[in-house]
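> Provided herewith: input-v1.tsv, TSV, N, CA and C atoms.
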chain	number	residue	atom	x	y	z
A	23	MET	N	-36.20	-25.93	4.54
A	23	MET	CA	-37.31	-25.69	3.65
A	23	MET	C	-38.37	-24.86	4.37
A	24	GLN	N	-39.07	-24.08	3.62
A	24	GLN	CA	-40.12	-23.24	4.17
A	24	GLN	C	-41.47	-23.91	3.99
A	25	GLN	N	-42.43	-23.45	4.80
A	25	GLN	CA	-43.79	-23.96	4.67
A	25	GLN	C	-44.72	-22.82	4.31
A	26	THR	N	-45.73	-23.15	3.52
A	26	THR	CA	-46.77	-22.18	3.21
A	26	THR	C	-47.80	-22.19	4.34
A	27	LEU	N	-48.80	-21.36	4.23
A	27	LEU	CA	-49.87	-21.33	5.24
A	27	LEU	C	-50.63	-22.65	5.31
A	28	TRP	N	-50.62	-23.43	4.26
A	28	TRP	CA	-51.36	-24.68	4.19
A	28	TRP	C	-50.48	-25.88	4.54
A	29	GLY	N	-49.20	-25.63	4.92
A	29	GLY	CA	-48.31	-26.72	5.32
A	29	GLY	C	-47.53	-27.34	4.19
A	30	ASP	N	-47.62	-26.78	2.99
A	30	ASP	CA	-46.84	-27.30	1.87
A	30	ASP	C	-45.37	-26.88	2.02
A	31	GLN	N	-44.51	-27.77	1.61
A	31	GLN	CA	-43.07	-27.49	1.66
A	31	GLN	C	-42.64	-26.73	0.41
A	32	ILE	N	-41.89	-25.66	0.61
A	32	ILE	CA	-41.35	-24.86	-0.50
A	32	ILE	C	-39.83	-24.91	-0.39
A	33	PRO	N	-39.18	-25.29	-1.46
A	33	PRO	CA	-37.71	-25.29	-1.39
A	33	PRO	C	-37.18	-23.85	-1.24
A	34	THR	N	-36.17	-23.72	-0.43
A	34	THR	CA	-35.58	-22.40	-0.18
A	34	THR	C	-34.64	-22.06	-1.33
A	35	ARG	N	-34.84	-20.89	-1.86
A	35	ARG	CA	-33.96	-20.40	-2.94
A	35	ARG	C	-33.08	-19.30	-2.37
A	36	ARG	N	-31.83	-19.50	-2.47
A	36	ARG	CA	-30.90	-18.48	-2.02
A	36	ARG	C	-30.42	-17.69	-3.22
A	37	ARG	N	-30.39	-16.41	-3.03
A	37	ARG	CA	-29.88	-15.56	-4.10
A	37	ARG	C	-28.37	-15.60	-4.11
A	38	LYS	N	-27.84	-15.69	-5.28
A	38	LYS	CA	-26.39	-15.66	-5.41
A	38	LYS	C	-25.95	-14.19	-5.45
A	39	THR	N	-24.99	-13.88	-4.63
A	39	THR	CA	-24.47	-12.51	-4.64
A	39	THR	C	-23.45	-12.37	-5.74
A	40	LYS	N	-23.55	-11.29	-6.43
A	40	LYS	CA	-22.59	-11.02	-7.50
A	40	LYS	C	-21.36	-10.37	-6.89
A	41	VAL	N	-20.24	-10.98	-7.10
A	41	VAL	CA	-18.99	-10.44	-6.62
A	41	VAL	C	-18.37	-9.64	-7.75
A	42	ILE	N	-18.25	-8.35	-7.51
A	42	ILE	CA	-17.66	-7.47	-8.50
A	42	ILE	C	-16.22	-7.21	-8.07
A	43	PRO	N	-15.25	-7.66	-8.84
A	43	PRO	CA	-13.86	-7.43	-8.43
A	43	PRO	C	-13.52	-5.95	-8.51
A	44	LEU	N	-12.78	-5.48	-7.50
A	44	LEU	CA	-12.36	-4.09	-7.48
A	44	LEU	C	-11.20	-3.89	-8.43
A	45	GLN	N	-11.26	-2.83	-9.16
A	45	GLN	CA	-10.19	-2.52	-10.10
A	45	GLN	C	-9.33	-1.42	-9.50
A	46	THR	N	-8.06	-1.68	-9.39
A	46	THR	CA	-7.16	-0.66	-8.89
A	46	THR	C	-6.76	0.26	-10.03
A	47	ALA	N	-6.53	1.49	-9.67
A	47	ALA	CA	-6.12	2.46	-10.68
A	47	ALA	C	-4.71	2.10	-11.16
A	48	THR	N	-4.52	2.13	-12.43
A	48	THR	CA	-3.20	1.85	-12.98
A	48	THR	C	-2.30	3.06	-12.75
A	49	SER	N	-1.08	2.79	-12.35
A	49	SER	CA	-0.16	3.89	-12.13
A	49	SER	C	0.31	4.43	-13.48
A	50	TYR	N	0.58	5.69	-13.49
A	50	TYR	CA	1.05	6.32	-14.72
A	50	TYR	C	2.25	7.20	-14.40
A	51	SER	N	3.04	7.44	-15.37
A	51	SER	CA	4.24	8.23	-15.20
A	51	SER	C	4.12	9.53	-15.96
A	52	ILE	N	4.48	10.62	-15.31
A	52	ILE	CA	4.41	11.93	-15.96
A	52	ILE	C	5.63	12.15	-16.84
A	53	THR	N	6.80	11.81	-16.31
A	53	THR	CA	8.05	12.12	-17.02
A	53	THR	C	8.76	10.89	-17.57
A	54	GLY	N	8.33	9.71	-17.19
A	54	GLY	CA	9.03	8.50	-17.62
A	54	GLY	C	9.96	7.98	-16.55
A	55	ASN	N	10.56	8.87	-15.78
A	55	ASN	CA	11.40	8.48	-14.63
A	55	ASN	C	11.07	9.40	-13.46
A	56	ASP	N	9.83	9.34	-13.00
A	56	ASP	CA	9.34	10.22	-11.94
A	56	ASP	C	10.17	10.14	-10.67
A	57	CYS	N	10.60	8.94	-10.30
A	57	CYS	CA	11.33	8.78	-9.04
A	57	CYS	C	12.66	9.52	-9.07
A	58	GLU	N	13.33	9.56	-10.21
A	58	GLU	CA	14.61	10.26	-10.29
A	58	GLU	C	14.41	11.77	-10.27
A	59	ILE	N	13.31	12.26	-10.83
A	59	ILE	CA	13.10	13.70	-10.94
A	59	ILE	C	12.30	14.23	-9.74
A	60	LEU	N	11.18	13.60	-9.41
A	60	LEU	CA	10.28	14.10	-8.37
A	60	LEU	C	10.55	13.49	-7.00
A	61	GLY	N	11.21	12.37	-6.95
A	61	GLY	CA	11.45	11.67	-5.69
A	61	GLY	C	10.53	10.48	-5.57
A	62	HIS	N	10.87	9.57	-4.68
A	62	HIS	CA	10.12	8.34	-4.50
A	62	HIS	C	8.82	8.60	-3.75
A	63	THR	N	7.78	7.84	-4.06
A	63	THR	CA	6.52	7.85	-3.33
A	63	THR	C	6.59	6.68	-2.36
A	64	LEU	N	6.73	6.99	-1.08
A	64	LEU	CA	7.02	5.96	-0.10
A	64	LEU	C	5.78	5.46	0.61
A	65	ARG	N	5.82	4.19	0.98
A	65	ARG	CA	4.83	3.61	1.88
A	65	ARG	C	5.21	4.00	3.29
A	66	ALA	N	4.45	3.54	4.27
A	66	ALA	CA	4.77	3.80	5.67
A	66	ALA	C	6.05	3.06	6.04
A	67	TRP	N	6.85	3.67	6.90
A	67	TRP	CA	8.09	3.04	7.36
A	67	TRP	C	7.73	1.93	8.34
A	68	ASP	N	8.38	0.79	8.22
A	68	ASP	CA	8.14	-0.30	9.17
A	68	ASP	C	9.06	-0.12	10.38
A	69	LEU	N	8.93	-1.02	11.34
A	69	LEU	CA	9.69	-0.90	12.58
A	69	LEU	C	11.19	-1.07	12.38
A	70	ALA	N	11.58	-1.74	11.32
A	70	ALA	CA	13.00	-1.96	11.04
A	70	ALA	C	13.63	-0.77	10.33
A	71	GLY	N	12.85	0.25	9.96
A	71	GLY	CA	13.39	1.40	9.25
A	71	GLY	C	13.46	1.19	7.76
A	72	CYS	N	12.57	0.35	7.20
A	72	CYS	CA	12.55	0.07	5.77
A	72	CYS	C	11.20	0.44	5.17
A	73	THR	N	11.18	0.68	3.88
A	73	THR	CA	9.95	0.96	3.14
A	73	THR	C	10.17	0.60	1.69
A	74	ILE	N	9.11	0.75	0.88
A	74	ILE	CA	9.16	0.45	-0.55
A	74	ILE	C	8.57	1.62	-1.31
A	75	CYS	N	9.14	1.97	-2.44
A	75	CYS	CA	8.58	3.00	-3.32
A	75	CYS	C	7.36	2.42	-4.02
A	76	LEU	N	6.25	3.14	-3.98
A	76	LEU	CA	5.03	2.67	-4.61
A	76	LEU	C	5.11	2.66	-6.13
A	77	ASP	N	5.92	3.53	-6.70
A	77	ASP	CA	6.00	3.63	-8.16
A	77	ASP	C	6.98	2.64	-8.77
A	78	CYS	N	8.21	2.63	-8.28
A	78	CYS	CA	9.24	1.80	-8.91
A	78	CYS	C	9.57	0.54	-8.11
A	79	GLN	N	8.91	0.33	-6.97
A	79	GLN	CA	9.10	-0.85	-6.12
A	79	GLN	C	10.52	-0.99	-5.59
A	80	ALA	N	11.26	0.12	-5.51
A	80	ALA	CA	12.62	0.08	-4.97
A	80	ALA	C	12.56	-0.08	-3.46
A	81	LYS	N	13.48	-0.84	-2.91
A	81	LYS	CA	13.56	-1.03	-1.46
A	81	LYS	C	14.42	0.09	-0.89
A	82	ILE	N	13.90	0.74	0.17
A	82	ILE	CA	14.54	1.91	0.75
A	82	ILE	C	14.69	1.68	2.25
A	83	PHE	N	15.79	2.15	2.81
A	83	PHE	CA	16.00	2.04	4.25
A	83	PHE	C	16.56	3.35	4.79
A	84	CYS	N	16.37	3.57	6.09
A	84	CYS	CA	16.91	4.75	6.75
A	84	CYS	C	18.27	4.38	7.34
A	85	PRO	N	19.36	5.05	6.92
A	85	PRO	CA	20.68	4.68	7.42
A	85	PRO	C	20.91	5.02	8.89
A	86	ARG	N	20.06	5.87	9.49
A	86	ARG	CA	20.20	6.17	10.91
A	86	ARG	C	19.43	5.18	11.78
A	87	CYS	N	18.41	4.52	11.20
A	87	CYS	CA	17.67	3.48	11.93
A	87	CYS	C	18.43	2.16	11.92
A	88	ILE	N	18.95	1.79	10.74
A	88	ILE	CA	19.72	0.55	10.60
A	88	ILE	C	20.91	0.83	9.70
A	89	ALA	N	21.96	0.06	9.86
A	89	ALA	CA	23.20	0.28	9.09
A	89	ALA	C	23.03	-0.08	7.62
A	90	ARG	N	22.30	-1.17	7.34
A	90	ARG	CA	22.08	-1.60	5.95
A	90	ARG	C	20.73	-2.30	5.88
A	91	HIS	N	20.19	-2.43	4.68
A	91	HIS	CA	18.91	-3.10	4.50
A	91	HIS	C	19.07	-4.59	4.84
A	92	PRO	N	18.14	-5.17	5.60
A	92	PRO	CA	18.32	-6.56	6.03
A	92	PRO	C	18.22	-7.60	4.93
A	93	GLN	N	17.57	-7.28	3.81
A	93	GLN	CA	17.37	-8.28	2.77
A	93	GLN	C	17.98	-7.92	1.42
A	94	ASP	N	18.10	-6.64	1.12
A	94	ASP	CA	18.54	-6.22	-0.21
A	94	ASP	C	19.80	-5.37	-0.09
A	95	GLN	N	20.89	-5.84	-0.68
A	95	GLN	CA	22.15	-5.11	-0.62
A	95	GLN	C	22.15	-3.88	-1.53
A	96	THR	N	21.23	-3.83	-2.52
A	96	THR	CA	21.19	-2.71	-3.44
A	96	THR	C	20.11	-1.70	-3.06
A	97	ALA	N	19.61	-1.75	-1.82
A	97	ALA	CA	18.56	-0.84	-1.38
A	97	ALA	C	19.08	0.59	-1.31
A	98	ILE	N	18.17	1.54	-1.43
A	98	ILE	CA	18.51	2.96	-1.46
A	98	ILE	C	18.46	3.51	-0.03
A	99	ALA	N	19.48	4.27	0.36
A	99	ALA	CA	19.51	4.89	1.68
A	99	ALA	C	18.80	6.24	1.61
A	100	LEU	N	17.80	6.44	2.47
A	100	LEU	CA	17.01	7.68	2.49
A	100	LEU	C	16.55	7.89	3.93
A	101	LEU	N	16.70	9.09	4.44
A	101	LEU	CA	16.33	9.37	5.83
A	101	LEU	C	14.81	9.33	6.00
A	102	CYS	N	14.37	8.74	7.12
A	102	CYS	CA	12.94	8.69	7.43
A	102	CYS	C	12.51	10.04	8.04
A	103	GLU	N	11.20	10.20	8.29
A	103	GLU	CA	10.69	11.46	8.82
A	103	GLU	C	11.26	11.77	10.20
A	104	GLN	N	11.53	10.74	10.98
A	104	GLN	CA	12.05	10.94	12.32
A	104	GLN	C	13.47	11.52	12.29
A	105	HIS	N	14.26	11.18	11.28
A	105	HIS	CA	15.65	11.62	11.23
A	105	HIS	C	15.89	12.77	10.24
A	106	GLU	N	14.87	13.19	9.51
A	106	GLU	CA	15.03	14.34	8.62
A	106	GLU	C	15.13	15.60	9.46
A	107	GLU	N	15.94	16.53	9.00
A	107	GLU	CA	16.04	17.81	9.70
A	107	GLU	C	14.86	18.68	9.28
A	108	PRO	N	14.24	19.39	10.21
A	108	PRO	CA	13.12	20.25	9.84
A	108	PRO	C	13.56	21.38	8.91
A	109	GLN	N	12.66	21.80	8.05
A	109	GLN	CA	12.97	22.83	7.06
A	109	GLN	C	13.23	24.19	7.73
A	110	GLU	N	12.63	24.46	8.90
A	110	GLU	CA	12.81	25.76	9.55
A	110	GLU	C	14.25	25.95	10.04
A	111	SER	N	14.94	24.85	10.42
A	111	SER	CA	16.29	24.99	10.95
A	111	SER	C	17.29	25.35	9.85
A	112	GLN	N	16.94	25.14	8.60
A	112	GLN	CA	17.85	25.44	7.52
A	112	GLN	C	17.81	26.93	7.13
A	113	VAL	N	16.75	27.61	7.51
A	113	VAL	CA	16.59	29.03	7.17
A	113	VAL	C	17.23	29.86	8.28
A	114	SER	N	18.18	30.72	7.91
A	114	SER	CA	18.83	31.57	8.91
A	114	SER	C	18.11	32.91	8.98
A	115	ALA	N	17.92	33.43	10.18
A	115	ALA	CA	17.18	34.68	10.36
A	115	ALA	C	18.10	35.87	10.37
Would you mind writing the file's structure down as structure tokens?

Amino acid sequence: MQQTLWGDQIPTRRRKTKVIPLQTATSYSITGNDCEILGHTLRAWDLAGCTICLDCQAKIFCPRCIARHPQDQTAIALLCEQHEEPQESQVSA
């Protein structure tokens, strides 16, 4: 409790903070099956060589990092950035 200049006790009032929940942007599809046409939007690759598509939530693994996905037998095989061949090597001079 607080005191005034004259020694009177004043109850302390705490302000309540308003918590405003953050709203995430809703995902939208341009074509209806964006992942099949444009390709998957991937999260960062984990240490096991796995990731998840942000749009369709498909589980993806790199077949050169691991032989098969550790949890999902129907996961999609896709090369990670470390094992992709650079675009310059495909162009012949």
> With DSSP run on the backbone, what are the strand (DSSP E) residues within stretch 33-109 of chain A? I'd like them as a list of chain:residue names.
A:Cys72, A:Thr73, A:Ile74, A:Lys81, A:Ile82, A:Phe83, A:Ile98, A:Ala99
> Residues within 12 Å of A:Leu60, please, as a PDB file with N, CA and C atoms, in the coordinates of the input. Count only C-alpha atoms; anything in the same chain fewer than 5 positions from it doesn't count.

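Result saved to out_27.pdb:
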ATOM      1  N   SER A  51       3.040   7.440 -15.370  1.00  0.00           N
ATOM      2  CA  SER A  51       4.240   8.230 -15.200  1.00  0.00           C
ATOM      3  C   SER A  51       4.120   9.530 -15.960  1.00  0.00           C
ATOM      4  N   ILE A  52       4.480  10.620 -15.310  1.00  0.00           N
ATOM      5  CA  ILE A  52       4.410  11.930 -15.960  1.00  0.00           C
ATOM      6  C   ILE A  52       5.630  12.150 -16.840  1.00  0.00           C
ATOM      7  N   THR A  53       6.800  11.810 -16.310  1.00  0.00           N
ATOM      8  CA  THR A  53       8.050  12.120 -17.020  1.00  0.00           C
ATOM      9  C   THR A  53       8.760  10.890 -17.570  1.00  0.00           C
ATOM     10  N   GLY A  54       8.330   9.710 -17.190  1.00  0.00           N
ATOM     11  CA  GLY A  54       9.030   8.500 -17.620  1.00  0.00           C
ATOM     12  C   GLY A  54       9.960   7.980 -16.550  1.00  0.00           C
ATOM     13  N   ASN A  55      10.560   8.870 -15.780  1.00  0.00           N
ATOM     14  CA  ASN A  55      11.400   8.480 -14.630  1.00  0.00           C
ATOM     15  C   ASN A  55      11.070   9.400 -13.460  1.00  0.00           C
ATOM     16  N   ASP A  77       5.920   3.530  -6.700  1.00  0.00           N
ATOM     17  CA  ASP A  77       6.000   3.630  -8.160  1.00  0.00           C
ATOM     18  C   ASP A  77       6.980   2.640  -8.770  1.00  0.00           C
TER      19      ASP A  77
END
> Would you kindly return, as a list in words, each protein, DNA or RNA residue with an atom no farther than 8 Å from any atom of stretch 89-105 of chain A, considering all atoms listed in the file and excluding same-chain residues fewer than 4 positions away?
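Result of the neighbour search: Trp67, Ala70, Gly71, Cys72, Ala80, Lys81, Ile82, Phe83, Cys84 and Pro85 of chain A.
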> For atom N of A:Thr39 and atom C of A:Gln24, determine how far apart the two atoms are, in Å to one decimal place.
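Computed distance, atom N of A:Thr39 to atom C of A:Gln24, equals 21.1 Å.
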> Just the helix (DSSP H, G or I) stuff from chain A, please, per backbone DSSP, written as a ChimeraX atom specification.
/A:56-60,109-112
> Would you compute the distance between atom CA of A:Cys57 and atom CA of A:Leu76? Give it in Å to one decimal.
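Computing the Euclidean distance for atom CA of A:Cys57 and atom CA of A:Leu76 yields 9.8 Å.
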